[in-house]
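The next block is protein-v5.cif, given as mmCIF, C-alpha atoms and all ligand atoms.
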```cif
data_coords
#
loop_
_atom_site.label_atom_id
_atom_site.label_comp_id
_atom_site.auth_asym_id
_atom_site.auth_seq_id
_atom_site.Cartn_x
_atom_site.Cartn_y
_atom_site.Cartn_z
CA MET T 113 82.66 -15.21 -88.45
CA SER T 114 82.08 -15.23 -84.70
CA ASN T 115 81.95 -12.03 -82.69
CA PRO T 116 85.11 -10.81 -80.98
CA SER T 117 85.28 -12.00 -77.38
CA LEU T 118 85.78 -9.93 -74.27
CA LEU T 119 86.34 -11.18 -70.73
CA ILE T 120 85.29 -8.66 -68.12
CA LEU T 121 86.83 -8.82 -64.66
CA PRO T 122 85.32 -6.01 -62.54
CA GLY T 123 87.27 -6.91 -59.39
CA ASP T 124 86.97 -4.98 -56.15
CA GLY T 125 86.03 -1.61 -54.69
CA ILE T 126 85.11 0.86 -57.42
CA GLY T 127 86.03 -1.75 -60.08
CA PRO T 128 82.44 -3.05 -60.46
CA GLU T 129 81.06 0.51 -60.31
CA VAL T 130 83.16 1.85 -63.18
CA MET T 131 82.81 -1.41 -65.15
CA ALA T 132 79.01 -1.15 -65.04
CA GLU T 133 79.33 2.05 -67.10
CA VAL T 134 81.69 0.34 -69.56
CA ARG T 135 79.15 -2.46 -70.01
CA ARG T 136 76.51 0.08 -71.00
CA ILE T 137 78.92 1.53 -73.53
CA ILE T 138 79.73 -1.92 -74.92
CA ASP T 139 75.97 -2.50 -75.29
CA TRP T 140 75.63 0.84 -77.05
CA PHE T 141 78.25 -0.15 -79.63
CA GLY T 142 76.31 -3.38 -80.15
CA THR T 143 72.89 -1.86 -80.66
CA ARG T 144 73.86 1.43 -82.31
CA ARG T 145 77.01 0.55 -84.27
CA GLY T 146 76.48 -3.15 -84.92
CA ILE T 147 79.75 -3.96 -83.17
CA VAL T 148 78.77 -6.93 -81.07
CA PHE T 149 81.12 -8.56 -78.58
CA ASP T 150 80.73 -11.93 -76.92
CA VAL T 151 81.05 -10.72 -73.36
CA SER T 152 81.70 -12.99 -70.40
CA GLU T 153 82.30 -11.90 -66.85
CA ASP T 154 84.32 -13.46 -64.04
CA LEU T 155 85.92 -12.76 -60.69
CA VAL T 156 89.38 -11.43 -59.89
CA GLY T 157 91.12 -10.12 -56.78
CA GLY T 158 89.37 -10.07 -53.43
CA ALA T 159 86.06 -10.92 -55.10
CA ALA T 160 87.60 -14.15 -56.41
CA TYR T 161 89.24 -14.85 -53.07
CA ASP T 162 85.89 -14.53 -51.28
CA VAL T 163 84.40 -17.25 -53.50
CA HIS T 164 87.33 -19.50 -54.43
CA GLY T 165 90.01 -18.81 -51.79
CA THR T 166 92.34 -17.60 -54.53
CA PRO T 167 92.56 -14.18 -56.24
CA LEU T 168 92.48 -15.81 -59.68
CA HIS T 169 90.87 -19.18 -60.34
CA ASP T 170 92.66 -21.40 -62.88
CA ASP T 171 89.50 -21.47 -65.02
CA THR T 172 89.54 -17.67 -65.18
CA MET T 173 93.20 -17.74 -66.17
CA THR T 174 92.37 -20.19 -68.97
CA LYS T 175 89.51 -18.01 -70.20
CA ALA T 176 91.76 -14.94 -70.17
CA GLN T 177 94.21 -16.78 -72.43
CA GLU T 178 91.46 -17.69 -74.87
CA VAL T 179 89.54 -14.43 -75.40
CA ASP T 180 90.45 -11.63 -77.78
CA ALA T 181 90.81 -9.14 -74.93
CA VAL T 182 90.37 -8.83 -71.17
CA LEU T 183 88.97 -5.75 -69.45
CA LEU T 184 89.77 -5.34 -65.75
CA GLY T 185 88.36 -2.87 -63.21
CA ALA T 186 90.55 -2.82 -60.11
CA VAL T 187 91.67 -5.15 -57.35
CA GLY T 188 92.49 -4.79 -53.68
CA GLY T 189 91.15 -3.23 -50.54
CA PRO T 190 91.68 -3.00 -46.79
CA LYS T 191 89.47 -6.03 -46.14
CA TYR T 192 92.21 -8.17 -47.65
CA ASP T 193 95.17 -6.63 -45.82
CA VAL T 194 95.24 -9.53 -43.38
CA LEU T 195 95.56 -12.21 -46.08
CA ASP T 196 98.73 -14.12 -46.70
CA PHE T 197 100.83 -12.38 -49.37
CA SER T 198 100.38 -15.29 -51.79
CA VAL T 199 96.60 -14.84 -51.98
CA LYS T 200 96.34 -11.04 -51.82
CA PRO T 201 94.06 -9.56 -54.52
CA GLU T 202 97.02 -7.93 -56.29
CA ARG T 203 98.55 -11.39 -56.90
CA GLY T 204 95.61 -12.19 -59.19
CA LEU T 205 96.36 -9.23 -61.42
CA LEU T 206 100.10 -9.95 -61.39
CA ARG T 207 99.43 -13.56 -62.40
CA LEU T 208 97.30 -12.42 -65.34
CA ARG T 209 100.03 -10.07 -66.52
CA LYS T 210 102.77 -12.69 -66.10
CA GLU T 211 101.04 -15.73 -67.57
CA MET T 212 99.63 -13.76 -70.52
CA ASP T 213 103.15 -12.34 -70.92
CA LEU T 214 101.83 -8.78 -71.22
CA TYR T 215 105.21 -7.13 -71.29
CA ALA T 216 104.28 -3.71 -72.69
CA ASN T 217 101.97 -1.56 -70.58
CA LEU T 218 100.89 1.52 -72.51
CA ARG T 219 99.86 4.34 -70.19
CA PRO T 220 98.91 7.44 -72.15
CA ALA T 221 98.63 10.72 -70.27
CA GLN T 222 96.61 13.22 -72.20
CA CYS T 223 95.37 16.49 -70.81
CA PHE T 224 91.90 17.21 -72.13
CA ASP T 225 91.49 20.93 -72.80
CA ALA T 226 88.54 21.18 -70.44
CA LEU T 227 90.71 19.96 -67.55
CA ALA T 228 93.82 22.06 -68.19
CA ASP T 229 92.72 24.46 -65.46
CA PHE T 230 92.18 21.67 -63.02
CA SER T 231 95.63 20.07 -62.94
CA SER T 232 97.72 20.84 -59.89
CA LEU T 233 100.29 22.19 -62.35
CA LYS T 234 100.02 25.51 -64.19
CA LYS T 235 97.75 25.50 -67.22
CA ASP T 236 100.46 26.23 -69.80
CA VAL T 237 102.54 23.35 -68.42
CA VAL T 238 99.83 20.77 -69.11
CA ALA T 239 97.53 22.20 -71.82
CA GLY T 240 97.71 20.01 -74.92
CA LEU T 241 99.85 17.40 -73.16
CA ASP T 242 99.92 14.02 -74.93
CA ILE T 243 102.56 11.58 -73.75
CA MET T 244 102.76 7.81 -73.69
CA ILE T 245 104.51 5.93 -70.91
CA VAL T 246 105.52 2.41 -71.91
CA ARG T 247 106.05 0.47 -68.72
CA GLU T 248 107.72 -2.97 -68.79
CA LEU T 249 105.19 -5.17 -67.01
CA THR T 250 106.33 -8.77 -66.62
CA SER T 251 109.79 -8.57 -65.12
CA GLY T 252 112.07 -6.39 -63.01
CA VAL T 253 111.81 -6.12 -59.25
CA TYR T 254 108.15 -7.23 -59.33
CA PHE T 255 109.15 -10.75 -60.32
CA GLY T 256 112.93 -11.15 -59.83
CA GLU T 257 114.36 -13.94 -57.66
CA PRO T 258 115.50 -14.26 -54.94
CA ARG T 259 112.62 -12.64 -53.12
CA GLY T 260 111.07 -13.07 -49.71
CA ILE T 261 111.45 -12.29 -46.04
CA PHE T 262 114.30 -14.28 -44.51
CA THR T 263 115.99 -14.50 -41.14
CA GLU T 264 119.63 -13.44 -40.95
CA GLY T 265 121.16 -13.82 -37.52
CA ASN T 266 118.73 -12.30 -35.07
CA GLU T 267 116.80 -10.13 -37.48
CA ARG T 268 114.68 -10.47 -40.61
CA VAL T 269 115.60 -9.22 -44.02
CA GLY T 270 113.20 -8.41 -46.87
CA ILE T 271 114.59 -9.13 -50.33
CA ASN T 272 113.43 -8.28 -53.85
CA THR T 273 115.61 -8.51 -56.90
CA GLN T 274 115.72 -6.19 -59.89
CA ARG T 275 116.46 -8.48 -62.83
CA TYR T 276 116.24 -7.85 -66.58
CA THR T 277 117.45 -9.98 -69.47
CA GLU T 278 118.55 -8.39 -72.73
CA SER T 279 115.58 -9.86 -74.59
CA GLU T 280 113.11 -8.51 -72.03
CA ILE T 281 114.54 -5.03 -72.46
CA ALA T 282 114.73 -5.29 -76.25
CA ARG T 283 111.12 -6.31 -76.75
CA VAL T 284 109.63 -3.50 -74.68
CA ALA T 285 112.03 -1.06 -76.35
CA ARG T 286 110.66 -2.20 -79.74
CA SER T 287 107.11 -1.52 -78.52
CA ALA T 288 108.15 2.01 -77.56
CA PHE T 289 109.91 2.69 -80.88
CA GLU T 290 106.97 1.32 -82.88
CA LEU T 291 104.59 3.60 -81.00
CA ALA T 292 106.91 6.58 -81.38
CA ARG T 293 106.90 6.15 -85.16
CA ARG T 294 103.13 6.63 -85.11
CA ARG T 295 103.38 9.70 -82.85
CA GLY T 296 106.15 12.27 -82.36
CA ASN T 297 109.02 9.89 -83.27
CA LYS T 298 110.78 10.53 -79.96
CA VAL T 299 111.60 8.10 -77.14
CA CYS T 300 113.10 8.90 -73.75
CA SER T 301 114.32 5.86 -71.83
CA MET T 302 114.45 6.12 -68.04
CA GLU T 303 116.47 4.00 -65.60
CA LYS T 304 119.13 4.53 -62.95
CA ALA T 305 122.25 3.46 -64.80
CA ASN T 306 124.23 5.58 -62.36
CA VAL T 307 123.52 3.20 -59.47
CA MET T 308 122.10 -0.06 -60.89
CA GLU T 309 123.73 -2.63 -63.17
CA SER T 310 120.30 -3.52 -64.54
CA GLY T 311 120.05 0.15 -65.50
CA ILE T 312 123.38 0.01 -67.34
CA LEU T 313 122.16 -2.99 -69.34
CA TRP T 314 118.78 -1.32 -69.94
CA ARG T 315 120.46 1.77 -71.41
CA GLU T 316 122.84 -0.26 -73.60
CA VAL T 317 120.13 -2.52 -75.01
CA VAL T 318 117.64 0.29 -75.70
CA GLN T 319 120.38 2.21 -77.52
CA LYS T 320 121.37 -0.90 -79.54
CA VAL T 321 117.77 -1.60 -80.61
CA ARG T 322 117.46 2.03 -81.69
CA ASP T 323 120.74 2.04 -83.63
CA GLU T 324 120.13 -1.28 -85.39
CA GLU T 325 116.37 -1.21 -86.00
CA TYR T 326 114.99 2.32 -85.49
CA PRO T 327 117.69 4.78 -86.57
CA ASP T 328 114.95 7.20 -87.64
CA VAL T 329 113.60 7.55 -84.08
CA ASP T 330 115.08 10.15 -81.76
CA LEU T 331 116.28 8.50 -78.52
CA SER T 332 117.42 10.12 -75.28
CA HIS T 333 118.22 8.65 -71.87
CA MET T 334 117.41 10.09 -68.48
CA TYR T 335 117.86 8.92 -64.91
CA ALA T 336 114.41 8.10 -63.59
CA ASP T 337 114.64 10.50 -60.64
CA ALA T 338 115.50 13.37 -62.98
CA GLY T 339 112.71 12.10 -65.24
CA ALA T 340 110.20 12.53 -62.41
CA MET T 341 111.41 16.09 -61.95
CA GLN T 342 111.22 16.84 -65.69
CA LEU T 343 107.71 15.36 -65.88
CA THR T 344 106.50 17.98 -63.46
CA ARG T 345 108.74 20.80 -64.76
CA TRP T 346 107.91 20.57 -68.47
CA PRO T 347 106.11 17.34 -69.42
CA LYS T 348 105.53 18.43 -73.01
CA GLN T 349 109.22 17.79 -73.77
CA PHE T 350 108.31 14.07 -73.86
CA ASP T 351 106.60 11.95 -76.49
CA VAL T 352 107.13 8.29 -75.55
CA ILE T 353 108.81 7.31 -72.29
CA VAL T 354 110.02 3.73 -71.90
CA THR T 355 110.92 2.49 -68.46
CA ASP T 356 110.97 -0.53 -66.17
CA ASN T 357 108.17 -2.06 -64.13
CA LEU T 358 108.64 -0.17 -60.86
CA PHE T 359 109.72 3.21 -62.25
CA GLY T 360 106.82 2.95 -64.71
CA ASP T 361 104.37 2.34 -61.88
CA LEU T 362 105.52 5.47 -60.06
CA LEU T 363 105.92 7.71 -63.09
CA SER T 364 102.48 6.85 -64.47
CA ASP T 365 100.73 7.80 -61.21
CA LEU T 366 102.68 11.05 -61.35
CA ALA T 367 101.63 11.57 -64.98
CA ALA T 368 98.01 10.99 -63.93
CA MET T 369 98.04 14.20 -61.97
CA LEU T 370 99.19 16.12 -65.05
CA THR T 371 95.86 15.14 -66.59
CA GLY T 372 93.85 16.17 -63.53
CA SER T 373 92.95 12.90 -61.82
CA LEU T 374 93.93 9.28 -61.47
CA GLY T 375 90.31 8.63 -62.50
CA MET T 376 91.20 9.73 -66.05
CA LEU T 377 94.11 7.42 -66.94
CA PRO T 378 93.53 4.28 -69.03
CA SER T 379 96.05 1.61 -69.93
CA ALA T 380 96.64 -1.27 -72.31
CA SER T 381 98.81 -4.22 -71.34
CA LEU T 382 99.95 -5.92 -74.51
CA GLY T 383 101.87 -9.09 -75.28
CA ALA T 384 103.00 -10.85 -78.40
CA PRO T 385 100.53 -11.33 -81.29
CA MET T 386 98.23 -14.38 -81.08
CA ALA T 387 97.49 -16.68 -84.03
CA ASN T 388 94.85 -14.22 -85.27
CA GLY T 389 97.43 -11.43 -85.39
CA ARG T 390 95.97 -9.55 -82.43
CA PRO T 391 98.18 -8.94 -79.42
CA LYS T 392 97.38 -10.73 -76.18
CA ALA T 393 95.78 -7.89 -74.30
CA LEU T 394 94.38 -6.75 -70.99
CA TYR T 395 92.92 -3.26 -70.61
CA GLU T 396 92.80 -1.69 -67.17
CA PRO T 397 92.59 1.78 -65.68
CA VAL T 398 95.78 2.93 -63.95
CA HIS T 399 93.90 3.60 -60.72
CA GLY T 400 93.11 1.08 -58.01
CA SER T 401 90.01 0.07 -56.11
CA ALA T 402 89.78 3.44 -54.29
CA PRO T 403 88.47 2.06 -50.97
CA ASP T 404 87.96 5.62 -49.66
CA ILE T 405 85.11 6.23 -52.14
CA ALA T 406 83.97 2.68 -52.99
CA GLY T 407 80.25 1.98 -52.78
CA GLN T 408 79.30 5.66 -52.84
CA GLY T 409 78.68 6.18 -56.56
CA LYS T 410 81.45 8.80 -56.66
CA ALA T 411 84.03 7.04 -58.83
CA ASN T 412 85.02 8.52 -62.15
CA PRO T 413 84.40 5.85 -64.81
CA ILE T 414 86.40 7.66 -67.51
CA ALA T 415 89.71 5.79 -66.99
CA CYS T 416 87.90 2.49 -67.43
CA ILE T 417 85.86 3.79 -70.38
CA LEU T 418 89.01 5.08 -72.08
CA SER T 419 90.62 1.67 -71.44
CA PHE T 420 87.80 0.17 -73.50
CA ALA T 421 88.57 2.78 -76.19
CA MET T 422 92.14 1.48 -76.19
CA ALA T 423 90.74 -2.04 -76.65
CA LEU T 424 88.77 -0.86 -79.68
CA ARG T 425 91.97 0.63 -81.10
CA TYR T 426 94.63 -1.96 -80.25
CA SER T 427 92.71 -5.26 -80.19
CA PHE T 428 89.92 -4.74 -82.70
CA ASP T 429 91.30 -2.33 -85.32
CA LEU T 430 88.38 0.00 -84.64
CA GLY T 431 90.38 3.21 -84.42
CA ALA T 432 87.51 5.36 -85.72
CA GLU T 433 85.16 3.98 -83.05
CA ALA T 434 87.84 4.57 -80.40
CA ASP T 435 88.08 8.16 -81.66
CA ARG T 436 84.28 8.43 -81.38
CA LEU T 437 84.33 7.29 -77.75
CA GLU T 438 87.25 9.56 -76.84
CA ALA T 439 85.49 12.48 -78.50
CA ALA T 440 82.35 11.73 -76.47
CA VAL T 441 84.41 11.89 -73.26
CA GLN T 442 85.99 15.13 -74.41
CA LYS T 443 82.55 16.59 -75.18
CA VAL T 444 81.05 15.89 -71.76
CA LEU T 445 84.12 17.33 -70.06
CA ALA T 446 83.87 20.42 -72.25
CA GLU T 447 80.24 20.73 -71.17
CA GLY T 448 81.40 20.84 -67.57
CA VAL T 449 80.18 17.41 -66.46
CA ARG T 450 82.43 16.46 -63.54
CA THR T 451 82.70 13.63 -61.06
CA ALA T 452 83.94 14.71 -57.61
CA ASP T 453 87.60 13.92 -58.34
CA LEU T 454 87.51 16.55 -61.12
CA MET T 455 86.36 19.36 -58.84
CA GLN T 456 87.92 21.49 -56.18
CA ALA T 457 86.72 20.50 -52.72
CA GLU T 458 84.68 23.67 -52.34
CA GLY T 459 83.16 24.09 -55.81
CA GLY T 460 80.16 22.93 -57.85
CA SER T 461 77.98 19.89 -57.73
CA PRO T 462 79.58 16.68 -58.94
CA VAL T 463 77.76 14.00 -60.92
CA SER T 464 77.68 10.36 -59.88
CA THR T 465 79.42 7.49 -61.66
CA THR T 466 76.16 6.57 -63.42
CA GLU T 467 75.39 10.16 -64.39
CA MET T 468 78.83 10.43 -65.99
CA GLY T 469 78.00 7.22 -67.88
CA ASP T 470 74.65 8.72 -68.95
CA ALA T 471 76.38 11.86 -70.22
CA ILE T 472 78.93 9.88 -72.25
CA LEU T 473 76.19 7.69 -73.72
CA GLY T 474 74.31 10.88 -74.63
CA ALA T 475 77.39 12.25 -76.38
CA LEU T 476 77.85 8.96 -78.24
CA GLU T 477 74.25 9.10 -79.38
CA ALA T 478 74.77 12.69 -80.53
CA SER T 479 77.78 11.58 -82.57
CA LEU T 480 75.64 9.49 -84.94
P1 LIG X 501 93.84 4.08 -55.72
O1 LIG X 501 94.20 4.33 -57.13
O2 LIG X 501 92.83 3.04 -55.47
O3 LIG X 501 93.37 5.44 -55.05
C1 LIG X 501 94.20 6.58 -54.90
C2 LIG X 501 93.33 7.83 -54.75
O4 LIG X 501 92.76 8.15 -56.02
C3 LIG X 501 92.16 7.66 -53.80
O5 LIG X 501 91.95 8.85 -53.10
C4 LIG X 501 90.98 7.38 -54.71
O6 LIG X 501 89.73 7.77 -54.20
C5 LIG X 501 91.34 8.18 -55.95
N1 LIG X 501 90.82 7.53 -57.15
C6 LIG X 501 91.33 6.45 -57.79
N2 LIG X 501 90.57 6.11 -58.83
C7 LIG X 501 89.55 6.98 -58.87
C8 LIG X 501 88.42 7.14 -59.73
N3 LIG X 501 88.20 6.33 -60.77
N4 LIG X 501 87.56 8.15 -59.47
C9 LIG X 501 87.77 8.99 -58.44
N5 LIG X 501 88.82 8.89 -57.60
C10 LIG X 501 89.70 7.90 -57.81
O7 LIG X 501 95.22 3.70 -54.97
P2 LIG X 501 95.46 3.20 -53.47
O8 LIG X 501 94.50 3.86 -52.55
O9 LIG X 501 96.91 3.35 -53.25
O10 LIG X 501 95.16 1.66 -53.50
C11 LIG X 501 93.91 1.07 -53.11
C12 LIG X 501 93.93 -0.40 -53.46
O11 LIG X 501 93.93 -0.57 -54.87
C13 LIG X 501 95.14 -1.17 -52.96
O12 LIG X 501 94.72 -2.43 -52.55
C14 LIG X 501 96.05 -1.27 -54.17
O13 LIG X 501 96.90 -2.37 -54.13
C15 LIG X 501 95.02 -1.41 -55.25
N6 LIG X 501 95.47 -0.99 -56.59
C16 LIG X 501 95.00 -1.73 -57.62
C17 LIG X 501 95.29 -1.37 -58.91
C18 LIG X 501 94.74 -2.18 -60.01
O14 LIG X 501 93.84 -2.98 -59.78
N7 LIG X 501 95.19 -2.01 -61.24
C19 LIG X 501 96.05 -0.21 -59.15
C20 LIG X 501 96.49 0.54 -58.06
C21 LIG X 501 96.19 0.15 -56.77
C1 LIG X 502 99.12 -0.65 -61.07
C2 LIG X 502 99.03 -1.13 -59.64
C3 LIG X 502 99.60 -2.54 -59.56
C4 LIG X 502 101.09 -2.47 -59.81
C5 LIG X 502 99.31 -3.35 -58.28
C6 LIG X 502 97.87 -3.30 -57.88
C7 LIG X 502 99.76 -4.77 -58.47
O1 LIG X 502 99.65 -0.26 -58.79
O2 LIG X 502 98.59 -1.33 -61.96
O3 LIG X 502 99.67 0.43 -61.32
O4 LIG X 502 101.88 -2.18 -58.87
O5 LIG X 502 101.49 -2.72 -60.93
MN MN X 503 100.24 1.63 -59.77
#
```

Just dump the structure as structure tokens.
Ligand code: NAD
Ligand code: IPM
Ligand code: MN
Amino acid sequence: MSNPSLLILPGDGIGPEVMAEVRRIIDWFGTRRGIVFDVSEDLVGGAAYDVHGTPLHDDTMTKAQEVDAVLLGAVGGPKYDVLDFSVKPERGLLRLRKEMDLYANLRPAQCFDALADFSSLKKDVVAGLDIMIVRELTSGVYFGEPRGIFTEGNERVGINTQRYTESEIARVARSAFELARRRGNKVCSMEKANVMESGILWREVVQKVRDEEYPDVDLSHMYADAGAMQLTRWPKQFDVIVTDNLFGDLLSDLAAMLTGSLGMLPSASLGAPMANGRPKALYEPVHGSAPDIAGQGKANPIACILSFAMALRYSFDLGAEADRLEAAVQKVLAEGVRTADLMQAEGGSPVSTTEMGDAILGALEASL
């Protein structure tokens, strides 16, 4: 049998810096655990634009469709602000998500014990936190038509459309209920049914899927603005949150700060199962290209490393190896190893991106 295949797309800014650490970890699993991946690497975002004049070359899109899983660093940066909207780096990522039909974006927010003191919220609010945000990723206002900037009379108008079909809502709801069954069996669905028709439909469909297919799962509904408030007031009330593309984008950045830093949050973007039974999948940290720290060796590689752990779990049925990697991360944090984003401005001496990689590799080695 051939090795599982991985396409690596480091992208822009800190993307290549954090991905370099993931590559060392992939190599470690090959040499030390006999888990060998066929790894190929390609360009996405501004890096692809610089070479091809497009943020995602068709050949890269084809490769992404063919491999067992894609791993992406980050895209974007100020250098590309001047580009036409259609070729901005972010369009490359959005095309990958859309054409691979990766409708369920799993964004876990877990507070590691060692970081409970570091969150901007009180320790007892975040200690032990383990929630999963399931963000719809291929529809909603990100993709709805009509969209554009038009002229109306003597002024311009910018238009985006929030649009959801019943089947789009139902399939992401099923992902959330399936996950909940393997966790705390509780789903909270967030929308704004009080002001948006798409929110009314969202609420109805999620409830119907629950009643007809998952009567054993506890379901509640919350307006997304109240949800944001509750996430900061008492986040441990939640288990799985299911929400739309835009609310999910905002709420997952908010959830990142419960865990201490945006540099900690991984994600898995999953689609329907392929012929081999594995879901179409792209793994990416929640954070972006962090232009303010790019090129300085300061980036925290943990979000990207934990995204690879999610790949081990969700694409390759290697849950025990994912646990091993997550435990290694936990161990180095417990030992006090910190990149700059995990420290107060005034305190301590932070490690570099590579030193964090070294420490995690050391912990992996110690796990054998
Ligand atoms: P960002 O996530 O890049 O950065 C926000 C803040 O968090 C910055 O201060 C940054 O230094 C810090 N940060 C983020 N990741 C970090 C890490 N791993 N280690 C340490 N600190 C980290 O968001 P932004 O500044 O709003 O966006 C910058 C660019 O990234 C934009 O072009 C945006 O479109 C793009 N972006 C891309 C993705 C993606 O590729 N998935 C996600 C979000 C934003
Ligand atoms: C994310 C990012 C992306 C999004 C951008 C870069 C397209 O913010 O993955 O959270 O808005 O979905
Ligand atoms: Mn985002």

Go through chain T and flag each residue having an atom no more than 12 Å from ligand MN 503 (chain X); for those, report the closest pair of atoms plus their distance in Å to one decimal, using only C-alpha atoms and all ligand atoms, ordered by chain and rising number, as JSON lines.
```
{"residue": "T:Ala186", "atom": "CA", "partner": "X:MN503", "partner_atom": "MN", "distance": 10.7}
{"residue": "T:Val187", "atom": "CA", "partner": "X:MN503", "partner_atom": "MN", "distance": 11.2}
{"residue": "T:Gly188", "atom": "CA", "partner": "X:MN503", "partner_atom": "MN", "distance": 11.8}
{"residue": "T:Glu202", "atom": "CA", "partner": "X:MN503", "partner_atom": "MN", "distance": 10.7}
{"residue": "T:Leu205", "atom": "CA", "partner": "X:MN503", "partner_atom": "MN", "distance": 11.6}
{"residue": "T:Leu206", "atom": "CA", "partner": "X:MN503", "partner_atom": "MN", "distance": 11.7}
{"residue": "T:Asn217", "atom": "CA", "partner": "X:MN503", "partner_atom": "MN", "distance": 11.4}
{"residue": "T:Arg219", "atom": "CA", "partner": "X:MN503", "partner_atom": "MN", "distance": 10.8}
{"residue": "T:Arg247", "atom": "CA", "partner": "X:MN503", "partner_atom": "MN", "distance": 10.7}
{"residue": "T:Leu249", "atom": "CA", "partner": "X:MN503", "partner_atom": "MN", "distance": 11.1}
{"residue": "T:Tyr254", "atom": "CA", "partner": "X:MN503", "partner_atom": "MN", "distance": 11.9}
{"residue": "T:Asn357", "atom": "CA", "partner": "X:MN503", "partner_atom": "MN", "distance": 9.8}
{"residue": "T:Leu358", "atom": "CA", "partner": "X:MN503", "partner_atom": "MN", "distance": 8.7}
{"residue": "T:Phe359", "atom": "CA", "partner": "X:MN503", "partner_atom": "MN", "distance": 9.9}
{"residue": "T:Gly360", "atom": "CA", "partner": "X:MN503", "partner_atom": "MN", "distance": 8.3}
{"residue": "T:Asp361", "atom": "CA", "partner": "X:MN503", "partner_atom": "MN", "distance": 4.7}
{"residue": "T:Leu362", "atom": "CA", "partner": "X:MN503", "partner_atom": "MN", "distance": 6.5}
{"residue": "T:Leu363", "atom": "CA", "partner": "X:MN503", "partner_atom": "MN", "distance": 9.0}
{"residue": "T:Ser364", "atom": "CA", "partner": "X:MN503", "partner_atom": "MN", "distance": 7.4}
{"residue": "T:Asp365", "atom": "CA", "partner": "X:MN503", "partner_atom": "MN", "distance": 6.4}
{"residue": "T:Leu366", "atom": "CA", "partner": "X:MN503", "partner_atom": "MN", "distance": 9.9}
{"residue": "T:Ala367", "atom": "CA", "partner": "X:MN503", "partner_atom": "MN", "distance": 11.3}
{"residue": "T:Ala368", "atom": "CA", "partner": "X:MN503", "partner_atom": "MN", "distance": 10.5}
{"residue": "T:Leu374", "atom": "CA", "partner": "X:MN503", "partner_atom": "MN", "distance": 10.1}
{"residue": "T:Leu377", "atom": "CA", "partner": "X:MN503", "partner_atom": "MN", "distance": 11.1}
{"residue": "T:Pro378", "atom": "CA", "partner": "X:MN503", "partner_atom": "MN", "distance": 11.7}
{"residue": "T:Ser379", "atom": "CA", "partner": "X:MN503", "partner_atom": "MN", "distance": 11.0}
{"residue": "T:Glu396", "atom": "CA", "partner": "X:MN503", "partner_atom": "MN", "distance": 11.0}
{"residue": "T:Pro397", "atom": "CA", "partner": "X:MN503", "partner_atom": "MN", "distance": 9.7}
{"residue": "T:Val398", "atom": "CA", "partner": "X:MN503", "partner_atom": "MN", "distance": 6.2}
{"residue": "T:His399", "atom": "CA", "partner": "X:MN503", "partner_atom": "MN", "distance": 6.7}
{"residue": "T:Gly400", "atom": "CA", "partner": "X:MN503", "partner_atom": "MN", "distance": 7.4}
{"residue": "T:Ser401", "atom": "CA", "partner": "X:MN503", "partner_atom": "MN", "distance": 11.0}
{"residue": "T:Ala402", "atom": "CA", "partner": "X:MN503", "partner_atom": "MN", "distance": 11.9}
```

### Task
Determine, counting all atoms listed in the file, which protein, DNA and RNA residues have an atom within 12 Å of an atom of Met386 (chain T); residues of the same chain fewer than 2 positions away are not included. Present the result as a list in words.
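Residues near the query, excluding close chain neighbours: Gln177, Glu178, Val179, Asp180, Ala181, Met212, Asp213, Leu214, Leu382, Gly383, Ala384, Asn388, Gly389, Arg390, Pro391, Lys392, Ala393 and Ser427 of chain T.
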
### Message
Set the distance at 9 Å and use only C-alpha atoms: which residues neighbour Tyr276 (chain T) once local chain neighbours fewer than 4 positions away are removed? I'd like the list as a list in words.
### Response
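Using only C-alpha atoms, the neighbours found are Ser251, Gly252, Val253, Gly256, Glu280, Ile281, Ser310, Gly311, Leu313 and Trp314 of chain T.
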
### Task
Could you check how far CA of Thr371 (chain T) sits from CA of Leu227 (chain T), in Å to one decimal?
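Between CA of Thr371 (chain T) and CA of Leu227 (chain T) the gap works out to 7.1 Å.
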
#### Entry: CA of Met308 (chain T) to atom C18 of ligand LIG 501 (chain X), distance in Å rounded to a single decimal
27.5 Å

### Task
For Leu241 (chain T), list every protein, DNA or RNA residue within 9 Å, evaluated using only C-alpha atoms, and leave out those in the same chain fewer than 4 positions away; present the list as JSON, numbers by chain.
{"T": [221, 222, 223, 224, 237, 347, 348, 370, 371]}

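Closest to Glu129 (chain T) among T:Val148, T:Ile353, T:Ala406, T:Ala434 is T:Ala406, based on all atoms listed in the file.
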
### Task
Excluding region 436-443 of chain T and residues on its chain fewer than 5 positions from it, collect all residues at most 10 Å away from it, counting all atoms listed in the file, and give them as a PyMOL selection string.
chain T and resi 137+141+224-227+414+417-418+420-422+424+430-431+448-449+468-469+471-480

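Proximity ranking of T:Gly204, T:Gly270, T:Gly260, T:Gly146 relative to ligand LIG 502 (chain X) places T:Gly204 first, based on only C-alpha atoms and all ligand atoms.
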
### Task
Measure the distance from atom C5 of ligand LIG 502 (chain X) to CA of Gln349 (chain T) in Å and round it to one decimal.
28.0 Å

Around all the atoms of ligand LIG 502 (chain X) listed in the file, with 5 Å of room on each side, what axis-aligned box do you get, giving centre and edge lengths in Å to one decimal, as lines of an AutoDock Vina configuration file?
```
center_x = 99.9
center_y = -2.2
center_z = -59.9
size_x = 14.0
size_y = 15.2
size_z = 14.1
```
